[in-house]
Amino acid sequence: MFRSPFTLFRALAIAEVVSWTLLIAGLIVRATTGWAPAVTIGGGIHGFVFLSYGATVVLVALNNRWRVAPTLLALLSAIVPYATIPAERWAHRRGMLAGEWRTSSDASASDARWYDRPLAWFLRRPWVLFLALLVLVAAIFAVLLLVGPPGGSH
């Protein structure tokens, strides 16, 4: 399904936009009807997708050898509603999403990194990578739920 960094990045950028829409809709429902669970539902979905998008940015950045500034820009785009789509288009136009997954590591390559071997191992086993990222995102999500919502609870 996600045969390239481009397809995965685009899918999560779109999912982040959809999750923003759900959160904003929940806020509108709460403001107009007083039904607070709308924000809980939309906010929970948005929070999980937000973290998943962040994990995707880091994975693609490592695979495609992004520098720190573009990586931070892509991560920060998730904070602004609907900004992940322009960030994805910007990265695509600059060729930052081009290429395939690095499923083999070449220590003699000019752009070799210390993490190439474990990254290639995971990329050759996409279900293991997916489950590992799912567990990581779920753990971070659970910790954030325990901490509480942004701005505290009322």
# chains A, B, ... in the order shown; residues from 1 in each chain; ligands from 1
>>> residues_around(residues="Leu23 of chain A", least_positions_apart="4", cutoff="12 Å", atoms="only C-alpha atoms", output="number ranges by chain")
A: 16-19, 27-30, 36-50, 81-82
>>> closest_atom_pairs(of="segment 18-100 of chain A", to="segment 2-9 of chain A", cutoff="12 Å", atoms="only C-alpha atoms", output="CSV")
residue,atom,partner,partner_atom,distance
A:Ser52,CA,A:Phe9,CA,10.4
A:Tyr53,CA,A:Phe9,CA,7.9
A:Gly54,CA,A:Phe9,CA,10.1
A:Ala55,CA,A:Phe9,CA,10.1
A:Thr56,CA,A:Phe9,CA,6.5
A:Val57,CA,A:Phe9,CA,7.1
A:Val58,CA,A:Phe9,CA,10.3
A:Leu59,CA,A:Pro5,CA,8.5
A:Val60,CA,A:Pro5,CA,5.8
A:Ala61,CA,A:Pro5,CA,9.2
A:Leu62,CA,A:Pro5,CA,10.5
A:Asn63,CA,A:Pro5,CA,7.9
A:Asn64,CA,A:Pro5,CA,8.0
A:Arg65,CA,A:Pro5,CA,11.6
A:Ala74,CA,A:Phe9,CA,10.2
A:Leu75,CA,A:Phe9,CA,11.6
A:Thr84,CA,A:Phe9,CA,9.6
A:Ile85,CA,A:Phe9,CA,9.9
A:Ala87,CA,A:Phe9,CA,10.2
A:Glu88,CA,A:Phe9,CA,7.2
A:Arg89,CA,A:Phe6,CA,10.3
A:Ala91,CA,A:Phe6,CA,9.3
A:His92,CA,A:Phe6,CA,7.6
A:Arg93,CA,A:Phe6,CA,11.3
A:Gly95,CA,A:Phe6,CA,9.7
A:Met96,CA,A:Phe6,CA,8.6
A:Leu97,CA,A:Phe6,CA,4.9
A:Ala98,CA,A:Phe6,CA,6.5
A:Gly99,CA,A:Ser4,CA,6.9
A:Glu100,CA,A:Ser4,CA,5.0
>>> closest_residue(among="A:Leu72, A:Trp90, A:Leu51, A:Ala15", to="Ala139 of chain A", atoms="only C-alpha atoms")
A:Leu51
>>> select_by_dssp(residues="segment 2-149 of chain A", states="helix (DSSP H, G or I)", output="ChimeraX atom specification")
/A:5-33,37-64,68-76,84-93,116-124,126-147
>>> atom_distance(atom1="atom CA of Ala112 of chain A", atom2="atom CA of Leu133 of chain A")
23.2 Å
>>> atom_distance(atom1="atom CA of Thr33 of chain A", atom2="atom CA of Leu145 of chain A")
24.7 Å
>>> closest_residue(among="A:Trp20, A:Leu76, A:Gly34, A:Ser105", to="Leu119 of chain A", atoms="only C-alpha atoms")
A:Ser105
